[in-house]
>>> print(open('target.cif').read())   # mmCIF, C-alpha atoms (C1' of nucleotides)
data_final
#
loop_
_atom_site.label_atom_id
_atom_site.label_comp_id
_atom_site.auth_asym_id
_atom_site.auth_seq_id
_atom_site.Cartn_x
_atom_site.Cartn_y
_atom_site.Cartn_z
CA MET A 151 29.42 -12.92 14.74
CA PRO A 152 29.48 -15.00 11.62
CA VAL A 153 30.33 -13.50 8.23
CA PHE A 154 27.01 -14.49 6.72
CA THR A 155 23.67 -14.72 8.47
CA ILE A 156 20.44 -15.87 6.93
CA LEU A 157 17.58 -13.71 8.17
CA HIS A 158 14.71 -15.41 6.43
CA ARG A 159 14.04 -18.28 4.09
CA ASP A 160 11.17 -18.02 1.64
CA LYS A 161 8.55 -20.69 2.29
CA GLN A 162 7.86 -21.67 -1.32
CA THR A 163 11.30 -21.40 -2.94
CA ASN A 164 14.95 -21.55 -1.99
CA ALA A 165 15.17 -17.75 -1.96
CA ARG A 166 16.59 -16.24 1.19
CA ARG A 167 17.31 -12.92 2.73
CA GLY A 168 20.53 -12.48 4.68
CA LYS A 169 23.34 -10.20 5.61
CA LEU A 170 27.00 -10.33 4.77
CA LYS A 171 29.43 -8.71 7.18
CA THR A 172 32.49 -7.07 5.66
CA ALA A 173 35.19 -4.62 6.69
CA HIS A 174 33.17 -1.81 5.13
CA GLY A 175 29.82 -2.53 6.60
CA THR A 176 27.14 -5.14 6.49
CA ILE A 177 25.24 -5.60 3.29
CA GLU A 178 21.85 -7.20 2.90
CA THR A 179 21.45 -10.09 0.50
CA PRO A 180 20.48 -10.71 -2.16
CA PHE A 181 22.33 -7.90 -3.87
CA PHE A 182 23.53 -6.91 -7.30
CA MET A 183 26.82 -5.15 -7.89
CA PRO A 184 27.64 -3.16 -10.95
CA ALA A 185 31.12 -3.44 -12.39
CA ALA A 186 33.76 -0.83 -11.63
CA THR A 187 36.50 -2.73 -13.38
CA LYS A 188 38.98 0.12 -13.51
CA ALA A 189 37.84 1.65 -10.22
CA THR A 190 35.04 3.38 -12.06
CA GLY A 191 32.03 2.47 -14.13
CA LYS A 192 32.01 3.30 -17.81
CA PHE A 193 30.68 6.82 -18.32
CA ILE A 194 29.56 6.83 -14.72
CA THR A 195 31.24 7.89 -11.50
CA THR A 196 31.19 6.91 -7.84
CA ASP A 197 29.09 9.96 -7.26
CA ASP A 198 26.45 8.61 -9.65
CA TYR A 199 26.57 5.21 -7.96
CA ASN A 200 25.90 6.98 -4.67
CA ASN A 201 22.94 8.92 -6.10
CA LEU A 202 21.07 6.75 -8.56
CA GLY A 203 17.84 8.11 -7.15
CA LYS A 204 16.51 9.94 -4.15
CA ASN A 205 16.70 6.84 -1.99
CA THR A 206 18.76 4.54 -4.14
CA LYS A 207 22.45 3.93 -4.23
CA VAL A 208 24.85 1.17 -5.08
CA GLN A 209 25.83 -0.78 -1.98
CA ALA A 210 28.54 -2.90 -3.52
CA MET A 211 30.64 -2.91 -6.65
CA ILE A 212 33.28 -5.10 -8.17
CA CYS A 213 36.69 -4.00 -9.40
CA ASN A 214 39.20 -5.99 -11.35
CA ALA A 215 42.37 -6.68 -9.42
CA PHE A 216 44.40 -7.67 -12.43
CA ILE A 217 43.45 -4.62 -14.49
CA LEU A 218 44.06 -2.28 -11.55
CA SER A 219 47.45 -3.82 -10.92
CA CYS A 220 48.35 -2.87 -14.50
CA LYS A 221 46.90 0.61 -14.24
CA PRO A 222 47.31 2.63 -12.10
CA GLY A 223 49.33 -0.06 -10.27
CA ILE A 224 48.91 -1.30 -6.72
CA ASP A 225 51.49 1.18 -5.41
CA VAL A 226 49.19 4.06 -6.37
CA ILE A 227 46.14 2.48 -4.77
CA LYS A 228 48.08 1.55 -1.65
CA ALA A 229 49.33 5.13 -1.40
CA ALA A 230 45.75 6.32 -1.81
CA GLY A 231 44.83 4.25 1.22
CA GLY A 232 43.13 1.43 -0.63
CA VAL A 233 40.62 1.12 -3.39
CA HIS A 234 37.74 2.53 -1.32
CA SER A 235 39.33 5.85 -0.59
CA PHE A 236 40.94 5.97 -4.04
CA MET A 237 37.53 6.14 -5.68
CA ASN A 238 35.81 7.60 -2.63
CA PHE A 239 33.30 4.79 -2.22
CA LYS A 240 32.06 3.90 1.23
CA GLY A 241 30.25 0.66 0.38
CA VAL A 242 31.43 -2.87 -0.15
CA VAL A 243 34.03 -3.63 -2.79
CA PHE A 244 34.67 -7.00 -4.34
CA THR A 245 37.74 -7.59 -6.47
CA ASP A 246 37.72 -9.99 -9.34
CA CYS A 247 40.91 -11.88 -9.95
CA GLY A 248 41.33 -11.58 -13.68
CA GLY A 249 40.60 -15.20 -14.54
CA PHE A 250 37.70 -14.11 -16.68
CA GLN A 251 39.94 -11.97 -18.86
CA MET A 252 41.69 -15.14 -19.87
CA SER A 253 38.80 -16.11 -22.05
CA ARG A 254 38.72 -12.64 -23.54
CA SER A 255 41.81 -12.85 -25.75
CA MET A 256 43.99 -10.78 -23.47
CA TYR A 257 46.05 -13.71 -22.38
CA GLU A 258 48.90 -15.50 -24.07
CA HIS A 259 48.47 -18.99 -22.67
CA LYS A 260 47.97 -20.74 -19.40
CA SER A 261 49.86 -23.37 -17.50
CA ASP A 262 49.22 -25.16 -14.25
CA LYS A 263 51.26 -22.42 -12.55
CA GLY A 264 48.99 -19.59 -13.58
CA ILE A 265 47.91 -17.43 -16.43
CA HIS A 266 50.38 -15.81 -18.76
CA PHE A 267 49.17 -12.34 -19.64
CA ARG A 268 50.43 -9.34 -21.44
CA ASN A 269 49.80 -6.06 -19.74
CA PRO A 270 47.21 -4.50 -22.04
CA PHE A 271 48.65 -1.06 -21.44
CA ASN A 272 52.33 -1.63 -22.10
CA ASN A 273 52.53 -5.15 -23.47
CA GLN A 274 54.77 -6.34 -20.66
CA LYS A 275 54.70 -10.07 -19.97
CA ILE A 276 53.10 -11.10 -16.70
CA ILE A 277 52.38 -14.45 -15.10
CA LEU A 278 49.41 -14.30 -12.84
CA THR A 279 49.70 -16.86 -10.05
CA PRO A 280 47.53 -17.48 -7.01
CA GLN A 281 50.30 -16.00 -4.86
CA LYS A 282 50.48 -12.85 -6.91
CA ILE A 283 46.75 -12.29 -7.21
CA MET A 284 46.24 -12.78 -3.48
CA GLU A 285 48.92 -10.18 -2.78
CA ILE A 286 47.35 -7.77 -5.25
CA GLU A 287 43.84 -8.16 -3.89
CA LEU A 288 45.01 -7.70 -0.32
CA ALA A 289 47.01 -4.61 -1.29
CA LEU A 290 43.96 -3.14 -3.00
CA GLY A 291 42.11 -3.53 0.27
CA SER A 292 38.87 -4.89 -1.13
CA ASP A 293 36.32 -6.38 1.22
CA VAL A 294 35.92 -9.60 -0.73
CA ALA A 295 38.63 -11.13 -2.86
CA MET A 296 37.98 -13.75 -5.48
CA MET A 297 40.38 -16.65 -5.90
CA LEU A 298 42.23 -17.07 -9.16
CA ASP A 299 40.24 -19.46 -11.33
CA ASP A 300 40.67 -21.01 -14.74
CA MET A 301 37.59 -20.48 -16.86
CA SER A 302 37.07 -22.52 -20.00
CA GLY A 303 35.01 -21.03 -22.83
CA TYR A 304 31.60 -22.08 -24.04
CA GLY A 305 31.68 -25.11 -26.30
CA VAL A 306 35.01 -26.62 -25.22
CA SER A 307 35.52 -30.35 -24.91
CA LYS A 308 35.10 -32.17 -21.65
CA GLU A 309 38.82 -32.84 -21.46
CA GLU A 310 39.57 -29.16 -21.76
CA ALA A 311 36.89 -28.31 -19.22
CA ARG A 312 38.37 -30.84 -16.82
CA ILE A 313 41.87 -29.41 -17.14
CA ALA A 314 40.54 -25.93 -16.38
CA MET A 315 38.56 -27.28 -13.45
CA ASN A 316 41.57 -29.08 -12.04
CA ASN A 317 43.66 -25.92 -12.35
CA THR A 318 40.90 -24.04 -10.56
CA HIS A 319 40.89 -26.56 -7.73
CA ALA A 320 44.66 -26.49 -7.32
CA TRP A 321 44.73 -22.71 -7.42
CA GLY A 322 41.80 -22.59 -5.03
CA SER A 323 43.47 -24.51 -2.22
CA LEU A 324 46.71 -22.62 -2.82
CA SER A 325 44.90 -19.27 -2.83
CA LEU A 326 43.17 -20.10 0.41
CA ARG A 327 46.40 -21.06 2.19
CA ILE A 328 48.21 -17.96 0.96
CA HIS A 329 45.27 -15.73 1.79
CA GLN A 330 45.04 -17.05 5.33
CA GLU A 331 48.72 -16.32 5.91
CA LEU A 332 48.51 -12.86 4.40
CA ARG A 333 45.34 -12.06 6.28
CA LYS A 334 46.96 -12.96 9.58
CA LYS A 335 50.22 -11.16 8.81
CA ASN A 336 48.44 -7.96 7.75
CA LYS A 337 45.59 -8.15 10.28
CA SER A 338 43.23 -7.89 7.37
CA LYS A 339 39.53 -8.63 7.48
CA GLN A 340 39.32 -9.34 3.79
CA LEU A 341 37.06 -12.25 2.87
CA LEU A 342 37.91 -14.79 0.21
CA PHE A 343 35.39 -16.50 -2.06
CA GLY A 344 36.05 -19.72 -3.94
CA ILE A 345 34.89 -20.31 -7.49
CA VAL A 346 33.23 -23.42 -8.89
CA GLN A 347 34.01 -24.28 -12.50
CA GLY A 348 33.21 -27.33 -14.63
CA ASN A 349 31.84 -25.69 -17.75
CA PHE A 350 28.50 -27.10 -18.92
CA TYR A 351 29.15 -30.69 -17.91
CA PRO A 352 26.87 -31.37 -14.93
CA ASP A 353 29.09 -34.07 -13.47
CA LEU A 354 32.08 -31.71 -13.54
CA ARG A 355 29.99 -28.98 -11.95
CA GLN A 356 29.03 -31.40 -9.21
CA GLU A 357 32.61 -32.51 -8.67
CA SER A 358 33.82 -28.92 -8.61
CA ALA A 359 31.11 -27.79 -6.20
CA LYS A 360 32.02 -30.62 -3.82
CA TYR A 361 35.69 -29.79 -3.92
CA ILE A 362 35.44 -26.01 -3.61
CA SER A 363 32.86 -26.35 -0.84
CA SER A 364 35.20 -28.62 1.10
CA LEU A 365 37.64 -25.72 1.45
CA ASP A 366 37.22 -23.04 4.07
CA PHE A 367 36.16 -20.16 1.85
CA ASP A 368 33.95 -17.35 3.17
CA GLY A 369 31.62 -17.69 0.22
CA ILE A 370 31.18 -19.80 -2.87
CA ALA A 371 30.88 -18.44 -6.38
CA ILE A 372 29.76 -20.21 -9.49
CA GLY A 373 31.87 -19.00 -12.38
CA GLY A 374 32.07 -19.75 -16.04
CA VAL A 375 28.43 -19.08 -16.84
CA ALA A 376 26.75 -16.36 -18.89
CA ILE A 377 29.40 -16.68 -21.54
CA GLY A 378 27.19 -17.19 -24.55
CA GLU A 379 25.29 -20.34 -23.62
CA PRO A 380 21.50 -20.58 -23.82
CA MET A 381 19.71 -19.75 -20.57
CA GLU A 382 18.68 -23.34 -19.90
CA LYS A 383 22.32 -24.42 -20.04
CA MET A 384 23.18 -21.88 -17.41
CA TYR A 385 20.42 -23.05 -15.09
CA GLU A 386 21.51 -26.64 -15.69
CA ALA A 387 25.08 -25.82 -14.67
CA VAL A 388 23.96 -23.91 -11.58
CA ASP A 389 21.47 -26.62 -10.61
CA ALA A 390 24.15 -29.26 -10.90
CA ALA A 391 26.42 -27.40 -8.49
CA LEU A 392 23.98 -26.01 -5.94
CA PRO A 393 23.12 -29.15 -3.96
CA TYR A 394 26.78 -29.47 -3.01
CA ILE A 395 27.27 -25.89 -1.89
CA PRO A 396 26.48 -25.38 1.80
CA THR A 397 23.37 -23.28 2.32
CA GLU A 398 24.91 -21.40 5.23
CA LYS A 399 27.52 -19.77 3.01
CA PRO A 400 26.85 -16.83 0.69
CA ARG A 401 26.47 -17.96 -2.89
CA TYR A 402 27.47 -15.83 -5.79
CA VAL A 403 26.83 -16.41 -9.49
CA MET A 404 29.37 -14.42 -11.41
CA GLY A 405 28.49 -12.41 -14.47
CA VAL A 406 24.70 -12.59 -14.26
CA GLY A 407 22.86 -10.74 -15.50
CA SER A 408 19.49 -9.92 -16.85
CA PRO A 409 16.55 -9.10 -14.55
CA LEU A 410 14.79 -12.38 -15.30
CA GLU A 411 17.90 -14.51 -14.80
CA ILE A 412 18.62 -12.85 -11.50
CA LEU A 413 15.08 -13.57 -10.30
CA GLU A 414 15.36 -17.20 -11.39
CA LEU A 415 18.65 -17.59 -9.54
CA ILE A 416 17.45 -15.87 -6.40
CA GLY A 417 14.65 -18.42 -6.37
CA ARG A 418 17.32 -21.10 -6.38
CA GLY A 419 19.09 -19.58 -3.39
CA ILE A 420 21.74 -17.31 -4.91
CA ASP A 421 22.70 -14.24 -2.90
CA CYS A 422 25.14 -12.19 -4.97
CA PHE A 423 25.34 -11.08 -8.56
CA ASP A 424 27.44 -8.86 -10.71
CA SER A 425 27.12 -8.04 -14.36
CA VAL A 426 27.72 -5.42 -16.97
CA PHE A 427 24.40 -6.36 -18.53
CA PRO A 428 22.31 -3.41 -17.30
CA THR A 429 24.95 -0.82 -18.10
CA GLN A 430 25.96 -2.36 -21.40
CA ASN A 431 22.34 -2.40 -22.46
CA ALA A 432 22.00 1.19 -21.29
CA ARG A 433 24.97 2.35 -23.35
CA HIS A 434 23.45 0.70 -26.38
CA GLY A 435 20.06 2.30 -25.82
CA THR A 436 18.06 -0.55 -24.30
CA MET A 437 16.20 0.70 -21.25
CA PHE A 438 14.67 -1.53 -18.61
CA THR A 439 11.22 -0.76 -17.31
CA ARG A 440 8.71 -2.82 -15.38
CA THR A 441 6.73 -3.22 -18.58
CA GLY A 442 9.67 -4.48 -20.60
CA LYS A 443 12.56 -3.26 -22.65
CA MET A 444 12.48 0.05 -24.44
CA TYR A 445 14.74 1.16 -27.28
CA ILE A 446 15.15 4.81 -26.54
CA MET A 447 17.00 5.53 -29.77
CA GLN A 448 13.89 4.82 -31.82
CA THR A 449 12.42 7.80 -33.63
CA ALA A 450 9.13 7.10 -31.91
CA TYR A 451 10.54 8.83 -28.82
CA ALA A 452 11.64 12.03 -30.54
CA PHE A 453 8.45 13.80 -29.42
CA ASP A 454 7.84 11.94 -26.17
CA PHE A 455 8.20 14.47 -23.38
CA THR A 456 7.55 12.08 -20.52
CA PRO A 457 10.15 10.27 -18.36
CA LEU A 458 11.48 6.84 -19.30
CA GLU A 459 9.25 5.25 -16.73
CA ALA A 460 6.35 6.81 -14.89
CA GLY A 461 6.97 6.85 -11.18
CA CYS A 462 10.68 6.05 -11.44
CA GLU A 463 12.63 7.93 -8.80
CA CYS A 464 15.98 7.72 -10.57
CA HIS A 465 17.99 10.84 -11.27
CA THR A 466 17.46 10.48 -15.01
CA CYS A 467 13.67 10.10 -14.87
CA GLN A 468 13.42 12.92 -12.34
CA THR A 469 15.36 15.26 -14.59
CA TYR A 470 14.93 14.43 -18.27
CA THR A 471 12.37 13.29 -20.83
CA LYS A 472 12.54 10.50 -23.37
CA ALA A 473 12.72 13.05 -26.15
CA TYR A 474 15.74 14.69 -24.56
CA LEU A 475 17.53 11.37 -23.99
CA HIS A 476 16.76 10.43 -27.58
CA HIS A 477 18.32 13.70 -28.65
CA LEU A 478 21.39 13.16 -26.46
CA SER A 479 21.92 9.75 -28.02
CA LYS A 480 22.44 11.52 -31.33
CA VAL A 481 24.53 14.48 -30.26
CA GLU A 482 26.29 13.68 -26.99
CA PRO A 483 26.63 9.93 -26.51
CA GLY A 484 28.77 10.21 -23.39
CA CYS A 485 26.07 12.10 -21.48
CA PHE A 486 23.47 9.76 -22.89
CA LYS A 487 25.33 6.69 -21.67
CA ARG A 488 25.73 8.11 -18.20
CA LEU A 489 22.04 8.92 -17.86
CA THR A 490 20.77 5.65 -19.29
CA SER A 491 23.19 3.70 -17.10
CA ILE A 492 21.86 5.51 -14.04
CA HIS A 493 18.31 4.49 -14.94
CA ASN A 494 19.06 0.84 -15.61
CA LEU A 495 21.12 0.51 -12.44
CA CYS A 496 18.44 2.18 -10.39
CA PHE A 497 15.97 -0.24 -11.95
CA MET A 498 18.11 -3.17 -10.82
CA MET A 499 18.52 -1.81 -7.31
CA ASN A 500 14.80 -1.23 -6.94
CA LEU A 501 14.05 -4.67 -8.31
CA ILE A 502 16.27 -6.23 -5.66
CA GLU A 503 14.66 -4.11 -2.96
CA ASP A 504 11.26 -5.41 -4.01
CA VAL A 505 12.60 -8.94 -4.06
CA LYS A 506 13.81 -8.60 -0.50
CA LYS A 507 10.41 -7.39 0.61
CA ALA A 508 8.73 -10.25 -1.22
CA ILE A 509 10.99 -12.81 0.43
CA LYS A 510 10.25 -11.29 3.80
CA ASN A 511 6.55 -11.82 3.12
CA ASP A 512 7.05 -15.32 1.72
CA ALA A 513 5.67 -14.02 -1.54
CA PHE A 514 8.71 -14.31 -3.74
CA LEU A 515 7.13 -16.74 -6.17
CA GLU A 516 4.12 -14.51 -6.80
CA PHE A 517 6.38 -11.51 -7.14
CA LYS A 518 8.57 -13.28 -9.68
CA GLU A 519 5.63 -14.45 -11.77
CA GLU A 520 4.01 -11.05 -11.70
CA PHE A 521 7.24 -9.34 -12.69
CA LYS A 522 7.84 -11.79 -15.50
CA LYS A 523 4.34 -11.30 -16.83
CA GLU A 524 4.70 -7.53 -16.94
CA PHE A 525 8.29 -7.46 -18.17
CA CYS A 526 7.72 -9.90 -21.02
CA ARG A 527 4.43 -8.46 -22.15
CA LYS A 528 4.71 -7.79 -25.84
CA LYS A 529 3.43 -4.47 -27.06
"C1'" C B 727 19.35 36.49 -71.30
"C1'" U B 728 23.87 33.61 -71.75
"C1'" U B 729 28.15 30.19 -70.61
"C1'" G B 730 30.10 26.34 -67.57
"C1'" C B 731 29.42 22.53 -63.84
"C1'" G B 732 26.02 19.44 -61.61
"C1'" G B 733 21.05 16.55 -60.37
"C1'" U B 734 21.83 8.63 -57.93
"C1'" G B 735 18.11 5.73 -51.21
"C1'" G B 736 15.68 10.55 -46.07
"C1'" U B 737 21.02 12.83 -46.02
"C1'" G B 738 26.20 12.87 -48.05
"C1'" C B 739 28.84 10.56 -51.81
"C1'" A B 740 30.74 6.34 -55.56
"C1'" G B 741 30.18 3.93 -60.19
"C1'" U B 742 28.98 1.66 -64.88
"C1'" G B 743 26.39 0.76 -72.42
"C1'" G B 744 24.44 -5.36 -69.34
"C1'" C B 745 22.63 -7.71 -61.07
"C1'" A B 746 23.38 0.28 -59.15
"C1'" G B 747 27.71 0.24 -54.38
"C1'" C B 748 29.53 2.92 -49.72
"C1'" A B 749 28.67 5.87 -45.36
"C1'" U B 750 24.92 7.68 -42.66
"C1'" C B 751 19.75 7.03 -41.69
"C1'" U B 752 15.21 4.17 -40.51
"C1'" C B 753 13.17 -0.49 -38.65
"C1'" A B 754 13.76 -5.31 -35.86
"C1'" G B 755 16.96 -7.73 -32.69
"C1'" A B 756 21.48 -8.75 -29.76
"C1'" C B 757 24.70 -7.58 -25.53
"C1'" U B 758 25.82 -11.07 -19.11
"C1'" G B 759 33.18 -11.86 -13.48
"C1'" U B 760 32.89 -4.12 -19.10
"C1'" G B 761 36.36 -4.18 -26.40
"C1'" G B 762 34.03 3.00 -24.62
"C1'" A B 763 30.25 5.90 -31.60
"C1'" U B 764 29.55 -2.17 -30.65
"C1'" C B 765 27.46 -6.45 -33.37
"C1'" U B 766 23.61 -9.17 -36.51
"C1'" G B 767 19.57 -8.87 -39.91
"C1'" A B 768 16.13 -5.94 -42.89
"C1'" G B 769 14.45 -1.37 -45.64
"C1'" G B 770 15.19 2.55 -49.07
"C1'" A B 771 17.62 5.86 -55.04
"C1'" U B 772 19.38 6.99 -60.91
"C1'" G B 773 14.87 14.87 -61.75
"C1'" A B 774 10.99 14.63 -66.31
"C1'" G B 775 10.38 13.42 -71.39
"C1'" A B 776 12.15 11.90 -76.19
"C1'" G B 777 16.06 9.65 -79.28
"C1'" U B 778 20.32 6.09 -80.58
"C1'" U B 779 20.88 0.77 -79.06
"C1'" C B 780 19.35 -6.10 -78.45
"C1'" A B 781 20.12 -3.29 -73.94
"C1'" A B 782 20.54 3.68 -71.31
"C1'" U B 783 21.54 5.33 -64.64
"C1'" U B 784 25.66 5.82 -68.32
"C1'" C B 785 25.67 8.43 -75.04
"C1'" U B 786 22.52 12.58 -77.75
"C1'" C B 787 18.54 16.31 -77.57
"C1'" U B 788 14.58 19.17 -75.02
"C1'" C B 789 12.56 20.69 -70.47
"C1'" C B 790 12.78 21.38 -65.11
"C1'" C B 791 15.82 22.33 -60.75
"C1'" G B 792 20.54 23.82 -58.16
"C1'" C B 793 25.48 26.17 -58.02
"C1'" A B 794 29.30 29.43 -60.13
"C1'" G B 795 30.65 33.16 -63.75
"C1'" G B 796 29.30 36.84 -67.75
"C1'" C B 797 25.72 40.57 -69.76
#
>>> encode(input="target.cif", output="structure tokens")
Amino acid sequence: MPVFTILHRDKQTNARRGKLKTAHGTIETPFFMPAATKATGKFITTDDYNNLGKNTKVQAMICNAFILSCKPGIDVIKAAGGVHSFMNFKGVVFTDCGGFQMSRSMYEHKSDKGIHFRNPFNNQKIILTPQKIMEIELALGSDVAMMLDDMSGYGVSKEEARIAMNNTHAWGSLSLRIHQELRKKNKSKQLLFGIVQGNFYPDLRQESAKYISSLDFDGIAIGGVAIGEPMEKMYEAVDAALPYIPTEKPRYVMGVGSPLEILELIGRGIDCFDSVFPTQNARHGTMFTRTGKMYIMQTAYAFDFTPLEAGCECHTCQTYTKAYLHHLSKVEPGCFKRLTSIHNLCFMMNLIEDVKKAIKNDAFLEFKEEFKKEFCRKK
RNA sequence: CUUGCGGUGGUGCAGUGGCAGCAUCUCAGACUGUGGAUCUGAGGAUGAGAGUUCAAUUCUCUCCCGCAGGC
């Protein structure tokens, strides 16, 4: 049985419904995974991920291999029996390689060999190479590993973008070879996804998509987007790459995102997403509802004794009122952040569920337009 | 009744004879392969009255209010 099966293609758009087979079960696509960078969400636990609402749980999450290798260290996670049992999560786990951190000031410099980091916890010097990151990801026991990529920042020159892309390509073919050996040696079922780079230069995106797609990855990710560029730039970059990525492979846009962006990308044929956007917004008091964003820290909610969203089945809406959440934001921010994160994640999960139904009924376009109309309606 | 100290945005505090600052707060936004009380804008005050002075939030006087002590 193939790793990825497309169950249904929407008649009006490129949206599709499918299933991805992994070592920890088969997951329906499209799906959204919240971040569990350090083998946990921020202010939120595996238990919460498993019980966002009565019938809603997180099916997949993404951890950061590089960060976990620094703390607690792969020996701990190996001894725990892998990252799943370490955090007691039964769903699908992706591991990110750490390439993204490079653009986030944690790194010293990069060379064609790899990325030169300092361990953020003890300041020890580390060189992250494709070899090393493949070993780490396999040791963690994730279901899907991401190759080591070189991501250039928003606004860099074409020359710089090309260097990063070329590094990515070299590391990609190396990662794949190493991973295949390791997979065989360890009898592992771990999948490996490649990553397309090329910054916001459409011709580089096209070149990168062709190259990465020519390698035998289990899925193809588009990286290096949602890093501060305007939305249209992101769509431009994705659109430049997509025609060269085989439709029969799962496609993953890394780091996205907002509800509207995810809908747009699903319509273009993207299957996987991950982002801190819903939880980061939640921690900062921006709540997602079908009728738009809501700033729960506003005084207007001090006397509002109704749930965040009428009819929402999430743990937070079933248990607490807006007034109480507003109060928590002032006196107990940690509890507040947990509860708001639960709501926003549940919102995302339900949105994706509705999307899947819409695709099944060939009504994705109508669904998207209707959602957009409601969500963007200005009060 | 009396003595001393004090009254500055909603709150808590600076400061100055010449554009009144800070923190918090409120309002409007932002956040995208997790920098965990975040970031960007905006709003809002010299207790009342008189005097000295070119100019008073600042110096003087009266009143009002608060705090501490004395009778």
>>> resolve_selection(input="target.cif", expression="the PyMOL selection byres ((chain A) within 6 of (chain B))", output="number ranges by chain")
A: 250, 376, 404-407, 425-427
>>> axis_aligned_box(input="target.cif", around="range 154-172 of chain A", padding_each_side="6 Å", output="lines of an AutoDock Vina configuration file")
center_x = 20.2
center_y = -14.4
center_z = 2.8
size_x = 36.6
size_y = 26.6
size_z = 23.4
>>> residues_around(input="target.cif", residues="U778 in chain B", least_positions_apart="3", cutoff="12 Å", atoms="all atoms listed in the file", output="list in words")
G743, A781, A782, C785, U786 and C787 of chain B
>>> residues_around(input="target.cif", residues="Ile277 in chain A", least_positions_apart="4", cutoff="8 Å", atoms="all atoms listed in the file", output="short mmCIF file (atom, residue, chain, number, x, y, z; two decimals) with C-alpha atoms, keeping the file's coordinate frame")
data_model
loop_
_atom_site.label_atom_id
_atom_site.label_comp_id
_atom_site.auth_asym_id
_atom_site.auth_seq_id
_atom_site.Cartn_x
_atom_site.Cartn_y
_atom_site.Cartn_z
CA GLY A 264 48.99 -19.59 -13.58
CA ILE A 265 47.91 -17.43 -16.43
CA HIS A 266 50.38 -15.81 -18.76
CA PHE A 267 49.17 -12.34 -19.64
#
>>> atom_distance(input="target.cif", atom1="CA of Thr176 in chain A", atom2="CA of Asp389 in chain A")
28.0 Å
>>> resolve_selection(input="target.cif", expression="the PyMOL selection byres ((chain A and resi 443) around 12)", output="list in words")
Ser408, Pro409, Leu410, Pro428, Asn431, Ala432, Gly435, Thr436, Met437, Phe438, Thr439, Arg440, Thr441, Gly442, Met444, Tyr445, Ile446, Leu458, Glu459, Asn494, Phe497, Glu524, Phe525, Cys526, Arg527, Lys528 and Lys529 of chain A; G755 of chain B
>>> resolve_selection(input="target.cif", expression="the PyMOL selection byres ((chain A and resi 347) around 6)", output="list in words")
Met315, Val346, Gly348, Asn349 and Gly373 of chain A
>>> residues_near_point(input="target.cif", point="(23.3, 7.4, -40.5)", cutoff="8 Å", atoms="only C-alpha atoms (C1' of nucleotides)", output="list of chain:residue names")
B:A749, B:U750, B:C751
>>> closest_residue(input="target.cif", among="A:Gly203, A:Pro483, A:Gly191, A:Gly344", to="Cys462 in chain A", atoms="all atoms listed in the file")
A:Gly203
>>> residues_around(input="target.cif", residues="Ala473 in chain A", least_positions_apart="6", cutoff="9 Å", atoms="all atoms listed in the file", output="PyMOL selection string")
chain A and resi 446+451-457
>>> write_last_selection(input="target.cif", atoms="C-alpha atoms", output="compact mmCIF listing (two decimals), in the coordinates of the input")
# COMPACT_ATOMS: atom_id res chain seq x y z
CA ILE A 446 15.15 4.81 -26.54
CA TYR A 451 10.54 8.83 -28.82
CA ALA A 452 11.64 12.03 -30.54
CA PHE A 453 8.45 13.80 -29.42
CA ASP A 454 7.84 11.94 -26.17
CA PHE A 455 8.20 14.47 -23.38
CA THR A 456 7.55 12.08 -20.52
CA PRO A 457 10.15 10.27 -18.36
>>> closest_residue(input="target.cif", among="A:Thr469, A:Ile395, A:Gln448, A:Ala314", to="A754 in chain B", atoms="all atoms listed in the file")
A:Gln448
>>> atom_distance(input="target.cif", atom1="CA of His465 in chain A", atom2="CA of Glu503 in chain A")
17.4 Å
>>> atom_distance(input="target.cif", atom1="CA of Ile502 in chain A", atom2="CA of Cys247 in chain A")
25.6 Å
>>> residues_around(input="target.cif", residues="Phe236 in chain A", least_positions_apart="2", cutoff="12 Å", atoms="only C-alpha atoms (C1' of nucleotides)", output="list of chain:residue names")
A:Lys188, A:Ala189, A:Thr190, A:Thr196, A:Leu218, A:Pro222, A:Ile224, A:Asp225, A:Val226, A:Ile227, A:Lys228, A:Ala229, A:Ala230, A:Gly231, A:Gly232, A:Val233, A:His234, A:Asn238, A:Phe239, A:Lys240, A:Val243, A:Leu290, A:Gly291, A:Ser292
>>> closest_residue(input="target.cif", among="B:U783, B:U788, B:A771, B:U766", to="U737 in chain B", atoms="only C-alpha atoms (C1' of nucleotides)")
B:A771
>>> closest_residue(input="target.cif", among="B:C765, B:U784, B:C789, B:U728", to="U742 in chain B", atoms="all atoms listed in the file")
B:U784
>>> residues_near_point(input="target.cif", point="(10.5, -9.2, 2.0)", cutoff="12 Å", atoms="all atoms listed in the file", output="list in words")
Leu157, His158, Arg159, Asp160, Lys161, Ala165, Arg166, Arg167, Gly168, Glu178, Thr179, Pro180, Leu501, Ile502, Glu503, Asp504, Val505, Lys506, Lys507, Ala508, Ile509, Lys510, Asn511, Asp512, Ala513, Phe514, Leu515 and Phe517 of chain A
